[in-house]
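S.K.: Hey, dropping entry_28.txt in here, compact mmCIF, C-alpha atoms:
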# COMPACT_ATOMS: atom_id res chain seq x y z
CA MET A 5 163.40 49.30 200.74
CA PRO A 6 165.98 47.18 202.50
CA SER A 7 168.16 45.16 200.17
CA LYS A 8 167.07 41.61 199.56
CA THR A 9 168.99 38.52 200.49
CA ARG A 10 169.41 35.49 198.27
CA VAL A 11 168.39 32.28 200.00
CA VAL A 12 169.05 28.80 198.64
CA THR A 13 167.02 25.95 200.12
CA THR A 14 165.58 22.59 199.21
CA ILE A 15 161.80 22.75 199.32
CA ASN A 16 159.83 19.54 198.82
CA GLY A 17 162.90 17.89 197.35
CA GLU A 18 163.69 20.59 194.81
CA GLU A 19 166.50 23.10 195.11
CA THR A 20 164.76 26.45 195.39
CA GLU A 21 166.27 29.90 195.37
CA PHE A 22 164.46 33.04 196.42
CA LEU A 23 165.08 36.66 197.34
CA CYS A 24 163.65 37.97 200.58
CA GLU A 25 163.75 40.97 202.83
CA PRO A 26 165.53 40.41 206.14
CA ARG A 27 162.35 40.77 208.16
CA GLN A 28 160.13 38.54 206.04
CA SER A 29 159.07 35.35 207.76
CA LEU A 30 159.56 31.97 206.14
CA LEU A 31 155.76 31.84 205.92
CA GLU A 32 155.67 35.05 203.88
CA CYS A 33 158.48 33.77 201.67
CA LEU A 34 156.65 30.51 200.99
CA ARG A 35 153.31 32.15 200.23
CA ASP A 36 154.12 35.56 198.77
CA VAL A 37 157.49 34.99 197.12
CA LEU A 38 157.25 31.34 196.04
CA GLY A 39 153.49 31.01 195.59
CA LEU A 40 153.34 27.95 197.86
CA THR A 41 150.01 28.95 199.35
CA GLY A 42 149.24 25.54 200.84
CA THR A 43 150.86 26.73 204.07
CA LYS A 44 148.32 28.97 205.82
CA GLU A 45 148.62 32.01 208.01
CA GLY A 46 146.48 31.85 211.13
CA CYS A 47 147.65 33.84 214.13
CA ASN A 48 151.12 34.86 212.89
CA ASP A 49 152.51 34.55 216.42
CA GLY A 50 153.21 30.86 216.86
CA ASN A 51 150.07 29.79 218.69
CA CYS A 52 147.82 28.23 216.05
CA GLY A 53 150.14 25.96 214.04
CA ALA A 54 148.41 26.57 210.67
CA CYS A 55 151.78 27.54 209.15
CA THR A 56 153.57 24.39 210.34
CA VAL A 57 156.30 23.12 208.00
CA MET A 58 159.18 20.69 208.39
CA LEU A 59 162.51 22.48 208.67
CA ASP A 60 165.54 20.17 208.71
CA GLY A 61 163.48 17.30 210.08
CA ARG A 62 161.67 19.28 212.81
CA ILE A 63 158.22 20.81 212.66
CA VAL A 64 158.23 24.56 213.22
CA THR A 65 155.73 27.37 212.89
CA SER A 66 157.02 29.12 209.77
CA CYS A 67 155.67 32.48 210.98
CA LEU A 68 158.36 32.37 213.70
CA VAL A 69 161.24 31.63 211.34
CA LEU A 70 162.85 34.36 209.27
CA GLY A 71 163.19 33.60 205.57
CA VAL A 72 166.92 34.32 205.71
CA GLU A 73 167.31 31.62 208.39
CA ALA A 74 166.23 29.02 205.85
CA GLN A 75 169.53 29.32 203.95
CA GLY A 76 170.84 25.81 203.27
CA SER A 77 167.90 24.05 204.92
CA GLN A 78 165.55 21.26 203.87
CA ILE A 79 161.90 22.25 204.00
CA THR A 80 158.76 20.20 203.51
CA THR A 81 155.42 21.96 203.13
CA VAL A 82 151.98 20.42 202.70
CA GLU A 83 152.56 20.57 198.93
CA GLY A 84 155.34 18.05 199.40
CA ILE A 85 153.63 15.32 201.34
CA ALA A 86 151.63 13.72 198.50
CA ALA A 87 153.44 11.27 196.20
CA GLY A 88 152.89 12.97 192.87
CA GLN A 89 149.20 12.75 192.03
CA GLU A 90 148.58 10.24 194.81
CA LEU A 91 147.48 11.66 198.13
CA ASP A 92 149.43 10.76 201.24
CA PRO A 93 147.49 8.24 203.38
CA LEU A 94 147.01 11.01 205.95
CA GLN A 95 145.42 13.30 203.36
CA GLN A 96 143.16 10.44 202.22
CA ALA A 97 142.20 9.63 205.81
CA PHE A 98 141.42 13.29 206.58
CA LEU A 99 139.14 13.36 203.50
CA GLU A 100 137.38 10.10 204.31
CA GLY A 101 137.14 10.86 208.02
CA ALA A 102 135.80 14.40 207.47
CA ALA A 103 138.69 15.71 209.54
CA LEU A 104 138.33 19.19 208.14
CA GLN A 105 135.70 21.80 207.53
CA CYS A 106 137.09 25.22 206.64
CA GLY A 107 140.53 23.76 205.91
CA ILE A 108 142.73 26.58 207.18
CA CYS A 109 144.30 24.46 209.92
CA THR A 110 144.54 21.30 207.78
CA PRO A 111 147.96 21.81 206.15
CA GLY A 112 149.51 22.36 209.57
CA PHE A 113 147.82 19.28 211.03
CA LEU A 114 148.92 17.16 208.06
CA VAL A 115 152.56 18.23 208.24
CA ALA A 116 152.64 17.82 212.04
CA ALA A 117 150.92 14.42 211.91
CA LYS A 118 153.24 13.20 209.17
CA ALA A 119 156.24 14.20 211.27
CA LEU A 120 154.82 12.29 214.25
CA LEU A 121 154.12 9.09 212.32
CA GLY A 122 157.57 9.36 210.75
CA ARG A 123 159.12 9.24 214.24
CA GLU A 124 156.61 7.06 216.07
CA PRO A 125 154.62 4.64 213.89
CA ASN A 126 152.06 3.77 216.55
CA PRO A 127 151.49 6.69 218.94
CA SER A 128 148.84 6.54 221.66
CA GLU A 129 145.85 8.86 221.47
CA GLU A 130 147.33 10.90 224.32
CA ARG A 131 150.64 11.19 222.50
CA ILE A 132 148.88 12.37 219.32
CA ARG A 133 146.90 14.96 221.26
CA PHE A 134 149.99 16.33 223.02
CA TRP A 135 151.99 16.31 219.76
CA LEU A 136 149.25 18.38 218.12
CA ALA A 137 148.81 20.79 221.05
CA ASN A 138 150.39 23.55 218.97
CA ASN A 139 147.78 23.08 216.19
CA LEU A 140 144.39 24.70 216.71
CA CYS A 141 141.18 23.81 214.88
CA ARG A 142 138.05 25.85 215.39
CA CYS A 143 135.70 23.63 213.34
CA THR A 144 136.01 19.92 213.92
CA GLY A 145 136.61 19.59 217.63
CA TYR A 146 139.75 17.50 217.01
CA ASP A 147 138.23 14.03 217.43
CA LYS A 148 137.95 13.38 213.70
CA ILE A 149 141.51 14.58 213.19
CA ILE A 150 142.83 12.30 215.93
CA ARG A 151 140.82 9.33 214.62
CA SER A 152 142.07 9.86 211.07
CA ILE A 153 145.67 9.82 212.27
CA GLN A 154 145.00 6.72 214.36
CA LYS A 155 143.49 5.03 211.32
CA VAL A 156 146.60 5.64 209.22
CA ALA A 157 148.81 4.34 212.03
CA ALA A 158 146.59 1.24 212.44
CA ASP A 159 146.51 0.59 208.67
CA ARG A 160 150.30 0.74 208.56
CA GLN A 161 150.62 -1.61 211.51
CA GLY A 162 148.21 -3.99 209.74
CA ALA A 163 150.21 -3.79 206.52
CA ASN A 164 153.40 -4.61 208.38
CA THR A 165 152.13 -7.77 210.06
CA MET B 296 168.17 36.05 218.29
CA ALA B 297 168.12 32.37 219.16
CA GLY B 298 164.81 30.58 218.44
CA GLY B 299 162.95 33.85 217.92
CA THR B 300 159.73 32.51 219.43
CA ASP B 301 159.49 35.55 221.73
CA ALA B 302 161.73 38.03 219.89
CA LEU B 303 159.84 37.92 216.57
CA VAL B 304 156.46 38.17 218.31
CA HIS B 305 157.62 41.24 220.30
CA LEU B 306 159.03 42.80 217.14
CA ARG B 307 155.81 42.35 215.17
CA ALA B 308 153.69 43.61 218.03
CA GLY B 309 155.77 46.80 218.13
CA ARG B 310 156.99 46.01 221.64
CA SER B 311 160.63 46.13 220.61
CA ASP B 312 162.68 48.95 219.09
CA THR B 313 165.26 46.55 217.70
CA ASN B 314 166.66 47.57 214.32
CA VAL B 315 169.19 44.81 213.81
CA ILE B 316 168.81 41.10 214.50
CA VAL B 317 171.84 38.83 214.71
CA ASP B 318 171.27 35.10 214.36
CA ILE B 319 173.40 33.76 217.23
CA LYS B 320 172.65 30.15 216.23
CA LYS B 321 175.61 30.44 213.86
CA ILE B 322 178.03 30.75 216.81
CA PRO B 323 179.10 27.17 217.66
CA GLU B 324 179.66 27.82 221.39
CA LEU B 325 176.05 28.98 221.77
CA MET B 326 174.73 25.76 220.22
CA GLU B 327 176.80 23.31 222.28
CA THR B 328 175.54 20.91 224.92
CA LYS B 329 178.56 19.63 226.85
CA PHE B 330 178.09 17.25 229.77
CA ASP B 331 180.75 15.71 231.95
CA PRO B 332 179.74 13.91 235.18
CA LEU B 333 182.69 15.55 236.96
CA THR B 334 182.40 19.12 235.73
CA GLY B 335 178.69 19.38 234.99
CA LEU B 336 176.66 20.62 232.05
CA THR B 337 177.45 23.61 229.88
CA LEU B 338 174.41 24.49 227.85
CA GLY B 339 174.81 26.96 224.98
CA ALA B 340 172.36 29.84 225.25
CA ALA B 341 170.74 29.10 221.87
CA VAL B 342 170.32 25.31 222.18
CA PRO B 343 166.65 24.54 221.41
CA CYS B 344 164.48 22.66 223.91
CA HIS B 345 164.19 19.49 221.82
CA GLN B 346 167.96 19.02 221.72
CA ILE B 347 167.94 19.13 225.51
CA TYR B 348 165.11 16.69 226.19
CA GLU B 349 166.32 14.29 223.51
CA ASN B 350 169.82 14.19 225.02
CA THR B 351 170.09 10.96 227.03
CA ALA B 352 172.92 12.22 229.25
CA VAL B 353 170.89 15.30 230.21
CA GLN B 354 167.79 13.15 230.74
CA SER B 355 169.46 11.09 233.44
CA ALA B 356 171.55 13.86 235.05
CA PHE B 357 169.05 16.77 235.05
CA PRO B 358 165.47 15.44 234.98
CA GLY B 359 164.14 18.76 236.29
CA LEU B 360 165.45 20.47 233.15
CA ILE B 361 163.63 17.86 231.07
CA ASP B 362 160.38 18.70 232.93
CA SER B 363 160.72 22.36 231.91
CA THR B 364 161.92 21.98 228.34
CA SER B 365 159.21 19.47 227.43
CA LEU B 366 156.32 21.66 228.59
CA ILE B 367 157.36 25.00 227.05
CA GLY B 368 154.96 25.69 224.16
CA GLY B 369 154.17 22.83 221.79
CA ILE B 370 156.38 20.61 219.64
CA GLN B 371 156.84 23.35 217.02
CA ILE B 372 157.98 25.88 219.62
CA GLN B 373 160.26 23.32 221.30
CA GLY B 374 161.99 22.86 217.94
CA ARG B 375 163.16 26.47 218.08
CA ALA B 376 162.87 27.98 221.57
CA SER B 377 165.98 27.91 223.77
CA VAL B 378 166.43 27.89 227.54
CA GLY B 379 168.85 30.82 227.19
CA GLY B 380 166.16 32.76 225.34
CA ASN B 381 163.56 31.89 227.97
CA LEU B 382 165.94 33.33 230.58
CA CYS B 383 166.78 36.50 228.60
CA ASN B 384 163.09 37.12 227.89
CA ALA B 385 162.84 37.41 231.70
CA ALA B 386 159.12 36.74 231.99
CA PRO B 387 158.01 36.27 235.62
CA SER B 388 156.16 33.17 234.35
CA ALA B 389 159.13 31.67 232.45
CA ASP B 390 158.99 27.88 232.77
CA ALA B 391 162.74 27.30 232.51
CA ILE B 392 163.99 29.79 235.11
CA PRO B 393 162.86 28.23 238.43
CA ILE B 394 164.60 24.98 237.61
CA LEU B 395 167.78 26.86 236.59
CA ILE B 396 167.72 28.54 240.00
CA ALA B 397 167.11 25.21 241.72
CA TYR B 398 170.09 23.70 239.88
CA GLU B 399 172.37 26.63 240.97
CA VAL B 400 173.11 27.58 237.39
CA THR B 401 175.75 30.21 236.58
CA CYS B 402 175.29 32.42 233.51
CA LEU B 403 178.30 33.13 231.31
CA ILE B 404 177.99 36.56 229.71
CA ALA B 405 180.24 38.02 227.02
CA GLY B 406 180.77 41.67 226.13
CA PRO B 407 183.43 44.02 224.79
CA GLU B 408 185.16 44.07 228.21
CA GLY B 409 185.45 40.28 228.29
CA ARG B 410 183.40 37.66 230.06
CA ARG B 411 181.63 37.65 233.41
CA LYS B 412 179.64 35.14 235.42
CA VAL B 413 176.38 35.78 237.23
CA ALA B 414 174.23 33.51 239.41
CA VAL B 415 171.00 32.82 237.54
CA GLU B 416 168.83 34.07 240.41
CA ASP B 417 170.42 37.53 239.92
CA PHE B 418 169.86 37.61 236.13
CA CYS B 419 166.28 38.89 235.87
CA THR B 420 165.66 42.38 237.22
CA ARG B 421 161.99 43.11 236.45
CA PRO B 422 159.34 41.84 234.01
CA GLY B 423 161.00 41.48 230.60
CA LYS B 424 164.32 42.97 231.82
CA ASN B 425 167.64 41.38 232.67
CA ILE B 426 171.11 42.44 233.73
CA LEU B 427 172.64 42.24 230.24
CA GLU B 428 174.12 45.50 229.03
CA GLU B 429 173.20 46.54 225.48
CA ASP B 430 176.51 45.24 224.14
CA GLU B 431 176.47 41.90 225.99
CA ILE B 432 175.10 38.47 225.14
CA LEU B 433 174.39 35.37 227.18
CA VAL B 434 176.83 32.69 226.02
CA SER B 435 175.98 29.63 228.09
CA LEU B 436 174.52 28.25 231.28
CA HIS B 437 176.64 26.12 233.57
CA PHE B 438 175.01 23.43 235.74
CA PRO B 439 177.18 22.02 238.55
CA PRO B 440 177.62 18.23 238.32
CA PRO B 441 174.70 16.30 239.83
CA GLU B 442 175.42 15.26 243.40
CA LYS B 443 174.86 11.74 244.60
CA ASN B 444 171.31 11.14 245.85
CA SER B 445 169.97 14.35 244.38
CA GLY B 446 166.66 14.90 242.64
CA ALA B 447 164.86 17.83 241.04
CA ASN B 448 161.50 18.68 239.53
CA TYR B 449 159.63 21.50 237.81
CA LEU B 450 155.88 21.58 238.30
CA ARG B 451 153.54 24.05 236.67
CA PHE B 452 149.87 24.71 237.26
CA ILE B 453 147.75 25.72 234.27
CA PRO B 454 143.99 25.24 233.89
CA ARG B 455 144.46 23.05 230.81
CA ASN B 456 146.90 20.34 229.77
CA GLU B 457 149.38 22.23 227.61
CA MET B 458 150.14 25.45 225.71
CA ASP B 459 149.44 27.90 228.51
CA ILE B 460 151.25 30.34 230.77
CA ALA B 461 152.02 29.25 234.33
CA VAL B 462 149.53 30.38 236.97
CA VAL B 463 152.28 29.25 239.34
CA GLY B 464 155.42 27.21 238.65
CA VAL B 465 157.79 25.61 241.15
CA GLY B 466 161.31 24.32 240.58
CA VAL B 467 163.06 22.38 243.33
CA LYS B 468 166.22 20.41 243.89
CA VAL B 469 167.07 18.28 246.91
CA VAL B 470 170.08 16.29 248.05
CA ILE B 471 169.32 13.52 250.52
CA LYS B 472 171.61 11.55 252.78
CA ASN B 473 170.36 8.87 255.19
CA ASP B 474 166.78 10.15 254.96
CA THR B 475 167.92 13.65 255.88
CA PHE B 476 167.99 16.70 253.63
CA LYS B 477 171.62 17.57 252.94
CA SER B 478 170.48 20.63 250.98
CA ALA B 479 167.49 21.94 249.06
CA ARG B 480 166.61 24.82 246.76
CA VAL B 481 163.18 26.16 245.84
CA ALA B 482 162.23 28.75 243.20
CA LEU B 483 158.85 30.01 242.00
CA ALA B 484 157.40 31.36 238.74
CA SER B 485 154.51 33.79 238.25
CA VAL B 486 154.38 35.07 241.82
CA ALA B 487 156.66 38.14 241.71
CA PRO B 488 158.07 40.66 239.17
CA THR B 489 160.90 38.20 238.53
CA PRO B 490 161.30 34.45 238.98
CA LEU B 491 161.69 34.13 242.75
CA PHE B 492 164.43 32.23 244.58
CA VAL B 493 163.04 31.28 248.00
CA ARG B 494 166.32 30.62 249.76
CA GLU B 495 164.71 30.11 253.19
CA ALA B 496 162.40 27.34 251.94
CA GLY B 497 165.44 25.27 251.00
CA ALA B 498 167.57 26.36 253.95
CA ILE B 499 165.01 25.22 256.52
CA LEU B 500 165.13 21.70 255.09
CA THR B 501 168.89 21.37 255.50
CA GLY B 502 169.62 18.84 258.24
CA GLN B 503 165.94 17.99 258.68
CA PRO B 504 164.60 14.45 258.31
CA VAL B 505 162.65 13.74 255.11
CA SER B 506 159.09 13.88 256.46
CA ASP B 507 155.68 15.39 255.76
CA ALA B 508 156.29 17.87 258.57
CA SER B 509 159.53 19.24 257.13
CA ILE B 510 158.11 19.33 253.59
CA ASN B 511 155.03 21.20 254.83
CA LYS B 512 157.22 23.73 256.61
CA ALA B 513 159.13 24.47 253.39
CA ALA B 514 155.84 24.75 251.47
CA GLN B 515 154.55 27.28 254.02
CA ILE B 516 157.68 29.38 253.60
CA ALA B 517 157.28 29.32 249.80
CA LYS B 518 153.68 30.45 250.22
CA ALA B 519 154.69 33.28 252.54
CA ALA B 520 157.50 34.44 250.22
CA ALA B 521 155.24 34.64 247.15
CA LYS B 522 153.98 38.13 246.28
CA PRO B 523 151.67 37.42 243.34
CA ILE B 524 149.34 39.85 241.63
CA THR B 525 145.70 39.20 240.83
CA ASP B 526 145.09 38.96 237.09
CA MET B 527 143.03 36.97 234.58
CA ARG B 528 145.03 33.81 235.36
CA GLY B 529 144.39 33.81 239.08
CA THR B 530 143.95 35.84 242.23
CA THR B 531 146.67 36.57 244.75
CA GLU B 532 145.08 34.18 247.27
CA TYR B 533 144.71 31.41 244.71
CA ARG B 534 148.31 31.73 243.59
CA LYS B 535 149.61 31.72 247.17
CA HIS B 536 147.63 28.57 247.86
CA LEU B 537 149.09 27.00 244.70
CA CYS B 538 152.62 27.87 245.88
CA GLU B 539 152.12 25.76 248.97
CA VAL B 540 150.54 22.80 247.16
CA LEU B 541 152.98 22.78 244.24
CA THR B 542 156.05 23.18 246.46
CA ARG B 543 154.94 20.20 248.50
CA ARG B 544 154.25 18.03 245.44
CA SER B 545 157.38 19.14 243.65
CA LEU B 546 159.52 18.31 246.70
CA GLN B 547 157.87 14.88 246.89
CA THR B 548 158.73 14.18 243.24
CA ALA B 549 162.31 15.43 243.68
CA ILE B 550 162.70 13.24 246.78
CA ALA B 551 161.42 10.20 244.90
CA ARG B 552 163.91 10.90 242.12
CA ALA B 553 166.74 11.34 244.64
CA ARG B 554 165.86 8.00 246.21
CA GLY B 555 165.76 6.39 242.79
CA ASP B 556 169.42 7.36 242.47
CA GLN B 557 170.24 5.37 245.59
CA SER B 558 169.23 2.02 244.19
Let me see the file written as structure tokens.

M.R.:
Amino acid sequence: MPSKTRVVTTINGEETEFLCEPRQSLLECLRDVLGLTGTKEGCNDGNCGACTVMLDGRIVTSCLVLGVEAQGSQITTVEGIAAGQELDPLQQAFLEGAALQCGICTPGFLVAAKALLGREPNPSEERIRFWLANNLCRCTGYDKIIRSIQKVAADRQGANT
Amino acid sequence: MAGGTDALVHLRAGRSDTNVIVDIKKIPELMETKFDPLTGLTLGAAVPCHQIYENTAVQSAFPGLIDSTSLIGGIQIQGRASVGGNLCNAAPSADAIPILIAYEVTCLIAGPEGRRKVAVEDFCTRPGKNILEEDEILVSLHFPPPEKNSGANYLRFIPRNEMDIAVVGVGVKVVIKNDTFKSARVALASVAPTPLFVREAGAILTGQPVSDASINKAAQIAKAAAKPITDMRGTTEYRKHLCEVLTRRSLQTAIARARGDQS
């Protein structure tokens, strides 16, 4: 067994320390070491986006990040996007808009969509679709996902006027 | 390892016998983007795509590099993948390499014997292989300063809108003076064992008037130079046809950008 490395990060706002093997991915660290199983494993090679998390303000596929690389970083997973017991508007919109069926891709879509709306409050449909090109869904056909994101953006615009 | 978007996939698939990985993102020189209108751009080998296409100085000076970096993978991949890594991975289909060739990029390589420089078109040797010795690393890529009235473009054909491997890719750069080509460079992806610099396609434009006839001649040369294989992404004939069409369109975009500089 290779020796383990101590990694100190901030995950969903809380300082979190874990031990990992050098070749473990951040995805494996989140799920298997820390029990944060909201982040899903799909393809494990960067194509499907199910394991998307925010790493220092950027979305990344956590299967293509080594756990040891997370030293000193800020991470947000799907567990961190709700405000306590209150769902994030995106989560609520996905529920109401039936933007999920099996749910494996959903955490990745939610984290990616939240990152987009954090940068661009009112993205066009085309922009949303290109932004989410790295997130695959085999159930819904994407339209309900896109519409749910548009609804949140529109509600926010409405609230601001 | 820079972004790891190829390296970790190869490692997991058993396609790499690497035992030790060094995170080169901790070396400041490899993460630097330095631009000076007089000396050009020095791009650290590990700088991720998003830092390039979000850099306003690079946006205006090297639009062809923005074309490439914003279509590699999706947003998640662009947050990690580097142009230096795309080059070292040496895929014939690499989306960043044709535009590096078009921009006359020089690679700075470091090893135990010191540093050496290599023209980017000489960097890839065969699919997945490059000229780096086992004890060398790519440090940075140097882009000469943009000339007046120059324009560049990278154009890729894939059967969908994003997240796919180039059936053919074309990177071009032109410099125009008084409606005449002062110089031009053309490079192709996915049509040979390495990214292909088609020197003659650019050379024939030098001194020629900017016209459909001269552009078509360059596109024909690119088509003739391409030696693509037939695979699941396209046949040899299809890819050769695409070389002609994409070279023509890419030149037209680069010319428009060069003329935009004049105003």

S.K.: At a cut-off of 7 Å, which residues of chain B touch chain A? Count all atoms listed in the file and give the answer as a list of chain:residue names.

M.R.: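 Matching residues, ligands excluded from the count: B:Gly299, B:Thr300, B:Leu303, B:Val304, B:Gly369, B:Ile370, B:Gln371, B:Ile372, B:Gly374, B:Glu457, B:Met458.
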
S.K.: What's around Gln95 (chain A) at 9 Å? Count only C-alpha atoms, leave out sequence neighbours fewer than 5 positions away in its own chain, and write the answer as a PyMOL selection string.

M.R.: chain A and resi 85-86+100+114

S.K.: Can you tell me, as a PDB file with C-alpha atoms, in the frame of the given file, what residues are no more than 12 Å from region 7-19 of chain A when counting all atoms listed in the file, ignoring any on the same chain fewer than 3 positions away?

M.R.:
ATOM      1  CA  PHE A  22     164.460  33.040 196.420  1.00  0.00           C
ATOM      2  CA  LEU A  23     165.080  36.660 197.340  1.00  0.00           C
ATOM      3  CA  CYS A  24     163.650  37.970 200.580  1.00  0.00           C
ATOM      4  CA  GLU A  25     163.750  40.970 202.830  1.00  0.00           C
ATOM      5  CA  PRO A  26     165.530  40.410 206.140  1.00  0.00           C
ATOM      6  CA  ARG A  27     162.350  40.770 208.160  1.00  0.00           C
ATOM      7  CA  GLN A  28     160.130  38.540 206.040  1.00  0.00           C
ATOM      8  CA  LEU A  30     159.560  31.970 206.140  1.00  0.00           C
ATOM      9  CA  CYS A  33     158.480  33.770 201.670  1.00  0.00           C
ATOM     10  CA  LEU A  34     156.650  30.510 200.990  1.00  0.00           C
ATOM     11  CA  VAL A  37     157.490  34.990 197.120  1.00  0.00           C
ATOM     12  CA  LEU A  38     157.250  31.340 196.040  1.00  0.00           C
ATOM     13  CA  LEU A  40     153.340  27.950 197.860  1.00  0.00           C
ATOM     14  CA  VAL A  57     156.300  23.120 208.000  1.00  0.00           C
ATOM     15  CA  MET A  58     159.180  20.690 208.390  1.00  0.00           C
ATOM     16  CA  LEU A  59     162.510  22.480 208.670  1.00  0.00           C
ATOM     17  CA  ASP A  60     165.540  20.170 208.710  1.00  0.00           C
ATOM     18  CA  LEU A  70     162.850  34.360 209.270  1.00  0.00           C
ATOM     19  CA  GLY A  71     163.190  33.600 205.570  1.00  0.00           C
ATOM     20  CA  VAL A  72     166.920  34.320 205.710  1.00  0.00           C
ATOM     21  CA  GLU A  73     167.310  31.620 208.390  1.00  0.00           C
ATOM     22  CA  ALA A  74     166.230  29.020 205.850  1.00  0.00           C
ATOM     23  CA  GLN A  75     169.530  29.320 203.950  1.00  0.00           C
ATOM     24  CA  GLY A  76     170.840  25.810 203.270  1.00  0.00           C
ATOM     25  CA  SER A  77     167.900  24.050 204.920  1.00  0.00           C
ATOM     26  CA  GLN A  78     165.550  21.260 203.870  1.00  0.00           C
ATOM     27  CA  ILE A  79     161.900  22.250 204.000  1.00  0.00           C
ATOM     28  CA  THR A  80     158.760  20.200 203.510  1.00  0.00           C
ATOM     29  CA  THR A  81     155.420  21.960 203.130  1.00  0.00           C
ATOM     30  CA  VAL A  82     151.980  20.420 202.700  1.00  0.00           C
ATOM     31  CA  GLU A  83     152.560  20.570 198.930  1.00  0.00           C
ATOM     32  CA  GLY A  84     155.340  18.050 199.400  1.00  0.00           C
ATOM     33  CA  ILE A  85     153.630  15.320 201.340  1.00  0.00           C
ATOM     34  CA  ALA A  86     151.630  13.720 198.500  1.00  0.00           C
ATOM     35  CA  ALA A  87     153.440  11.270 196.200  1.00  0.00           C
ATOM     36  CA  GLY A  88     152.890  12.970 192.870  1.00  0.00           C
ATOM     37  CA  VAL A 115     152.560  18.230 208.240  1.00  0.00           C
TER      38      VAL A 115
END

S.K.: Identify, on the basis of all atoms listed in the file, every residue whose closest approach to region 417-429 of chain B does not exceed 8 Å; exclude the query and any residue fewer than 4 positions from it along the same chain; express the result as a list in words.

M.R.: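 After dropping sequence-adjacent residues, the list is Leu382, Cys383, Asn384, Ala385, Ala386, Pro387, Cys402, Ile404, Val413, Leu433, Pro488, Thr489 and Pro490 of chain B.
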
S.K.: Using CA of Ala521 (chain B) and CA of Asn456 (chain B) as the two end points, give the distance in Å to one decimal.

M.R.: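 Separation between CA of Ala521 (chain B) and CA of Asn456 (chain B): 24.0 Å.
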
S.K.: Using all atoms listed in the file, find the one residue out of B:Val400, B:Leu338, B:Met326, B:Leu366 that sits nearest to Leu450 (chain B).

M.R.: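 Counting all atoms listed in the file, the residue closest to Leu450 (chain B) is B:Leu366.
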